[in-house]
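Participant: Next comes start10.txt, compact mmCIF, C-alpha atoms and all ligand atoms:
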```txt
# COMPACT_ATOMS: atom_id res chain seq x y z
CA MET A 22 -21.23 -8.99 -38.99
CA THR A 23 -17.54 -8.24 -39.53
CA LEU A 24 -15.53 -6.15 -37.09
CA GLU A 25 -15.09 -3.49 -39.79
CA ASN A 26 -18.86 -3.21 -40.33
CA LEU A 27 -19.44 -3.05 -36.59
CA LYS A 28 -16.85 -0.32 -36.18
CA GLN A 29 -18.57 1.73 -38.85
CA LYS A 30 -21.90 1.34 -37.03
CA CYS A 31 -20.28 2.43 -33.75
CA GLU A 32 -18.79 5.52 -35.41
CA GLU A 33 -22.30 6.54 -36.45
CA CYS A 34 -24.06 5.56 -33.20
CA LYS A 35 -26.05 8.18 -31.25
CA GLY A 36 -27.62 5.63 -28.89
CA CYS A 37 -26.58 7.59 -25.77
CA ASN A 38 -25.04 10.99 -25.09
CA LEU A 39 -21.42 9.88 -24.80
CA TYR A 40 -20.72 10.40 -28.52
CA LYS A 41 -21.18 14.16 -27.95
CA THR A 42 -18.19 14.52 -25.64
CA ARG A 43 -15.77 11.90 -26.96
CA ASN A 44 -12.73 12.77 -29.04
CA ASN A 45 -12.35 9.31 -30.52
CA LEU A 46 -14.34 6.13 -30.58
CA VAL A 47 -12.50 3.32 -28.77
CA PHE A 48 -13.84 0.35 -30.66
CA GLY A 49 -11.39 -2.34 -29.56
CA TYR A 50 -8.00 -3.64 -30.48
CA GLY A 51 -6.14 -6.90 -30.84
CA ASN A 52 -6.00 -10.04 -32.91
CA PRO A 53 -9.41 -10.36 -34.68
CA ASN A 54 -9.14 -14.16 -34.22
CA ALA A 55 -7.99 -14.02 -30.60
CA ASP A 56 -8.64 -16.90 -28.20
CA ILE A 57 -9.00 -14.47 -25.30
CA PHE A 58 -11.42 -11.51 -25.28
CA LEU A 59 -10.86 -9.00 -22.46
CA ILE A 60 -13.59 -6.54 -21.44
CA GLY A 61 -12.80 -3.33 -19.55
CA GLU A 62 -15.15 -0.58 -18.36
CA GLY A 63 -14.80 2.36 -20.69
CA PRO A 64 -12.17 4.55 -22.31
CA GLY A 65 -10.25 6.98 -20.10
CA GLU A 66 -8.51 10.18 -21.14
CA ASN A 67 -5.54 8.50 -22.88
CA GLU A 68 -7.76 6.00 -24.68
CA ASP A 69 -10.12 8.78 -25.83
CA ARG A 70 -7.13 10.70 -27.20
CA GLU A 71 -5.60 7.72 -29.01
CA GLY A 72 -8.74 5.78 -29.98
CA LEU A 73 -7.30 2.57 -28.49
CA PRO A 74 -8.20 0.64 -25.31
CA PHE A 75 -5.90 0.41 -22.27
CA VAL A 76 -3.06 2.64 -23.44
CA GLY A 77 -2.46 4.37 -20.07
CA ARG A 78 -0.76 3.13 -16.89
CA SER A 79 -3.25 0.34 -16.30
CA GLY A 80 -2.77 -0.84 -19.89
CA LYS A 81 0.98 -1.00 -19.36
CA LEU A 82 0.51 -3.14 -16.26
CA LEU A 83 -1.96 -5.35 -18.12
CA ASP A 84 0.44 -5.85 -21.06
CA GLU A 85 3.32 -6.70 -18.71
CA CYS A 86 1.26 -9.35 -16.90
CA LEU A 87 0.00 -10.82 -20.20
CA GLU A 88 3.51 -10.92 -21.62
CA LYS A 89 4.66 -13.01 -18.65
CA TYR A 90 2.46 -15.84 -19.95
CA GLY A 91 3.22 -15.36 -23.64
CA LEU A 92 0.02 -13.42 -24.27
CA SER A 93 -0.26 -10.19 -26.23
CA ARG A 94 -2.73 -8.08 -28.17
CA GLU A 95 -0.88 -8.95 -31.37
CA LYS A 96 -0.92 -12.73 -30.79
CA ASN A 97 -3.89 -13.98 -28.82
CA ILE A 98 -5.77 -11.14 -27.12
CA TYR A 99 -8.58 -8.82 -28.20
CA ILE A 100 -9.64 -5.98 -25.86
CA ALA A 101 -12.80 -3.91 -25.83
CA ASN A 102 -14.83 -2.03 -23.23
CA MET A 103 -18.40 -2.04 -21.95
CA VAL A 104 -18.85 1.36 -23.64
CA LYS A 105 -16.95 2.66 -26.64
CA CYS A 106 -17.01 6.38 -25.85
CA ARG A 107 -15.34 7.97 -22.82
CA PRO A 108 -17.64 8.70 -19.88
CA PRO A 109 -16.83 12.27 -18.75
CA GLU A 110 -14.47 12.60 -15.74
CA ASN A 111 -13.71 8.87 -15.98
CA ARG A 112 -16.93 7.99 -14.14
CA ASN A 113 -18.31 4.47 -14.52
CA PRO A 114 -20.65 4.05 -17.48
CA LYS A 115 -24.33 4.45 -16.53
CA SER A 116 -26.75 1.60 -17.09
CA ASP A 117 -28.51 3.36 -20.00
CA GLU A 118 -25.12 3.90 -21.67
CA VAL A 119 -24.22 0.23 -21.22
CA SER A 120 -27.64 -0.79 -22.57
CA ALA A 121 -27.13 1.38 -25.65
CA CYS A 122 -23.66 -0.05 -26.35
CA ILE A 123 -23.83 -3.68 -25.22
CA GLY A 124 -25.22 -5.01 -28.53
CA PHE A 125 -22.04 -3.86 -30.26
CA LEU A 126 -19.86 -5.62 -27.69
CA LYS A 127 -21.85 -8.86 -27.96
CA ALA A 128 -21.59 -8.76 -31.76
CA GLN A 129 -17.86 -8.10 -31.41
CA ILE A 130 -17.49 -11.20 -29.20
CA GLU A 131 -19.39 -13.25 -31.81
CA ALA A 132 -17.15 -11.90 -34.60
CA VAL A 133 -13.90 -12.68 -32.74
CA ASP A 134 -15.32 -15.99 -31.44
CA PRO A 135 -12.80 -16.39 -28.58
CA LYS A 136 -12.38 -19.50 -26.40
CA ILE A 137 -12.74 -17.38 -23.26
CA VAL A 138 -14.18 -13.99 -22.32
CA VAL A 139 -12.52 -12.22 -19.38
CA CYS A 140 -14.34 -9.49 -17.46
CA LEU A 141 -11.84 -6.97 -16.09
CA GLY A 142 -13.42 -5.55 -12.94
CA ARG A 143 -16.88 -5.12 -11.48
CA VAL A 144 -18.67 -3.28 -14.29
CA ALA A 145 -18.13 -6.01 -16.90
CA ALA A 146 -18.40 -8.85 -14.36
CA SER A 147 -21.71 -7.68 -12.91
CA TYR A 148 -23.20 -7.45 -16.41
CA PHE A 149 -22.02 -10.85 -17.67
CA LEU A 150 -21.82 -12.88 -14.45
CA GLY A 151 -24.68 -11.42 -12.42
CA LYS A 152 -25.23 -8.12 -10.66
CA ASP A 153 -24.16 -9.45 -7.25
CA PHE A 154 -20.92 -10.95 -8.56
CA LYS A 155 -17.95 -9.92 -6.40
CA VAL A 156 -14.59 -9.86 -8.17
CA THR A 157 -12.72 -10.10 -4.88
CA THR A 158 -14.24 -13.50 -4.10
CA GLY A 159 -15.27 -14.80 -7.54
CA HIS A 160 -12.19 -13.93 -9.60
CA GLY A 161 -10.50 -16.80 -11.41
CA GLU A 162 -13.62 -18.99 -11.48
CA PHE A 163 -14.85 -20.25 -14.85
CA PHE A 164 -18.47 -20.20 -15.99
CA GLU A 165 -20.08 -21.56 -19.14
CA ILE A 166 -22.57 -19.09 -20.56
CA GLY A 167 -24.23 -19.62 -23.93
CA GLY A 168 -21.61 -22.19 -24.97
CA ARG A 169 -18.67 -19.94 -24.15
CA ILE A 170 -16.33 -19.81 -21.14
CA PHE A 171 -16.42 -16.62 -19.08
CA THR A 172 -14.30 -15.55 -16.13
CA ALA A 173 -13.53 -12.37 -14.20
CA THR A 174 -10.45 -10.87 -12.69
CA PHE A 175 -9.43 -7.56 -11.17
CA HIS A 176 -9.45 -4.39 -13.22
CA PRO A 177 -5.78 -3.44 -13.87
CA ALA A 178 -6.47 0.02 -12.37
CA ALA A 179 -7.52 -1.72 -9.14
CA ILE A 180 -4.17 -3.54 -9.11
CA LEU A 181 -2.39 -0.18 -9.44
CA ARG A 182 -4.39 1.00 -6.40
CA ASN A 183 -3.65 -2.16 -4.39
CA ILE A 184 -0.48 -3.82 -5.65
CA ASN A 185 -0.92 -6.61 -3.05
CA ASN A 186 -3.48 -8.17 -5.39
CA LYS A 187 -1.03 -8.42 -8.30
CA PRO A 188 -0.09 -12.07 -7.58
CA LEU A 189 -3.82 -13.00 -7.62
CA PHE A 190 -4.24 -11.16 -10.94
CA GLU A 191 -1.22 -12.95 -12.41
CA GLU A 192 -2.49 -16.32 -11.20
CA ASP A 193 -5.85 -15.63 -12.89
CA ILE A 194 -4.01 -14.87 -16.14
CA ARG A 195 -1.99 -18.06 -15.80
CA LYS A 196 -5.22 -20.07 -15.45
CA ILE A 197 -6.76 -18.27 -18.44
CA LYS A 198 -3.71 -19.18 -20.53
CA GLU A 199 -4.24 -22.83 -19.61
CA VAL A 200 -7.75 -22.75 -21.13
CA ILE A 201 -6.56 -21.83 -24.61
N1 LIG B 301 -9.88 1.39 -18.26
C1 LIG B 301 -10.79 0.66 -18.93
O1 LIG B 301 -11.67 0.04 -18.36
N2 LIG B 301 -10.69 0.62 -20.25
C2 LIG B 301 -9.75 1.25 -20.93
O2 LIG B 301 -9.73 1.16 -22.15
C3 LIG B 301 -8.82 2.00 -20.20
C4 LIG B 301 -8.90 2.07 -18.87
```
Written as structure tokens, that's how I'd like the structure from this file.
Ligand code: URA
Facilitator:
Amino acid sequence: MTLENLKQKCEECKGCNLYKTRNNLVFGYGNPNADIFLIGEGPGENEDREGLPFVGRSGKLLDECLEKYGLSREKNIYIANMVKCRPPENRNPKSDEVSACIGFLKAQIEAVDPKIVVCLGRVAASYFLGKDFKVTTGHGEFFEIGGRIFTATFHPAAILRNINNKPLFEEDIRKIKEVI
């Protein structure tokens, strides 16, 4: 299915309750033929207002770190989230909300067909890399799943909370760049 068709289906989706409180669907953004597919948790307040992923402070930090290695949403990155509608009060998405939305994300990954999928933070990593996966110890490792390379790194918001981890985050991005 094309990204446009998928987006239309997401606009109409009532698979969980999050559509009732969202302002805008946050489908995903970036190069539709990107080599790198980043997965966040869910839209926050800014993203819900603008309809785009990672447009707040954590998005700025993410873009700066990507830029350092010649990566950008326009050139070689596509970004989406585990859920496409904002969970109220910025809470983590619940498992029934992820279950309702995950088919869209998987179809999106198939449509973009990236060389590598990068889980940003625990919510995405525990879904794709196993529920006991720990980002603090497992970040920057590569896994082959279903013929595609997956990895995980810190969520950019976690880097804002603990700036000491920024060099580790940047090193993970450097290694991801090497894969493509
Ligand atoms: N945090 C996320 O996980 N995703 C966004 O789109 C914004 C903030």
Participant: Of the candidates A:Lys127, A:Lys89, A:Arg70, A:Lys35, which shows the shortest atom-to-atom distance to ligand LIG 301 (chain B), using all atoms listed in the file?
Facilitator: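 Closest to ligand LIG 301 (chain B), using all atoms listed in the file: A:Arg70.
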Participant: Extract, using only C-alpha atoms, all DNA, RNA and protein residues at most 12 Å from Glu110 of chain A, discarding same-chain residues fewer than 3 positions from it, and format them as JSON, numbers by chain.
Facilitator: {"A": [39, 42, 43, 63, 64, 65, 66, 69, 107, 113, 114]}
Participant: Those same residues - C-alpha atoms - I'd like them written as a compact mmCIF listing (two decimals), keeping the file's coordinate frame.
Facilitator:
```txt
# COMPACT_ATOMS: atom_id res chain seq x y z
CA LEU A 39 -21.42 9.88 -24.80
CA THR A 42 -18.19 14.52 -25.64
CA ARG A 43 -15.77 11.90 -26.96
CA GLY A 63 -14.80 2.36 -20.69
CA PRO A 64 -12.17 4.55 -22.31
CA GLY A 65 -10.25 6.98 -20.10
CA GLU A 66 -8.51 10.18 -21.14
CA ASP A 69 -10.12 8.78 -25.83
CA ARG A 107 -15.34 7.97 -22.82
CA ASN A 113 -18.31 4.47 -14.52
CA PRO A 114 -20.65 4.05 -17.48
```
Participant: Between A:Val138, A:Val133, A:Ile197, A:Leu46, which is the closest to ligand LIG 301 (chain B) once you count all atoms listed in the file?
Facilitator: A:Leu46
Participant: Residues within 9 Å of ligand LIG 301 (chain B) (all atoms listed in the file), as a PyMOL selection string?
Facilitator: chain A and resi 47+49+60-69+73-80+100-105+107+111+113+141-142+144-145+176-178
Participant: Quick one, how far is atom CA of Lys136 of chain A from atom CA of Tyr50 of chain A?
Facilitator: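 A separation of 17.0 Å between them.
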Participant: Looking at all atoms listed in the file, which of A:Pro53, A:Gly167, A:Gly36, A:Pro188 is the one that sits closest to Ala132 of chain A?
Facilitator: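 With all atoms listed in the file as the atom set, the closest residue is A:Pro53.
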Participant: Need to verify the contact set: Val156 of chain A, 10 Å, all atoms listed in the file, exclusion of same-chain residues closer than 5 positions in sequence. Can you return it as a PyMOL selection string?
Facilitator: chain A and resi 140-144+146-147+161-162+172-176
Participant: May I ask for the distance between atom CA of Leu24 of chain A and atom CA of Gly91 of chain A, given in Å to one decimal place?
Facilitator: 24.8 Å
Participant: Can you work out the spacing between atom CA of Leu59 of chain A and atom CA of Tyr99 of chain A in Å, to one decimal?
Facilitator: 6.2 Å
Participant: Check the smallest atom-to-atom distance from each of A:Met22, A:Ala121, A:Ala55, A:Leu83 to Phe190 of chain A using all atoms listed in the file, then report the winner.
Facilitator: A:Leu83
Participant: Which residues are close to Lys198 of chain A, i.e. within 9 Å by all atoms listed in the file, leaving aside same-chain residues fewer than 5 positions away? Reply as a list in words.
Facilitator: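 Listed by chain and then number, they are Ile57, Tyr90, Gly91, Leu92 and Asp193 of chain A.
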Participant: Let me make sure I understand: among A:Phe163, A:Asp56, A:Thr23, A:Leu82, which one has the smallest atom-to-atom distance to Leu181 of chain A if we use all atoms listed in the file?
Facilitator: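 Of the candidates, the smallest distance to Leu181 of chain A is held by A:Leu82.
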Participant: Using all atoms of segment 134-145 of chain A that appear in the file, construct an axis-aligned enclosing box with 3 Å of padding on every side and provide its centre coordinates and edge lengths in Å, rounded to one decimal, as lines of an AutoDock Vina configuration file.
Facilitator:
```
center_x = -15.3
center_y = -11.4
center_z = -21.5
size_x = 12.8
size_y = 22.2
size_z = 26.0
```
Participant: Kindly indicate which residue among A:Glu118, A:Pro135, A:Gly151, A:Ile130 lies nearest to Tyr40 of chain A, using only C-alpha atoms for the distances.
Facilitator: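 Among the listed residues, the smallest separation from Tyr40 of chain A belongs to A:Glu118.
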Participant: Compile the contact shell of Asn52 of chain A as number ranges by chain: residues with an atom at most 7 Å away, counting all atoms listed in the file, same-chain residues fewer than 5 positions apart removed.
Facilitator: A: 94-99
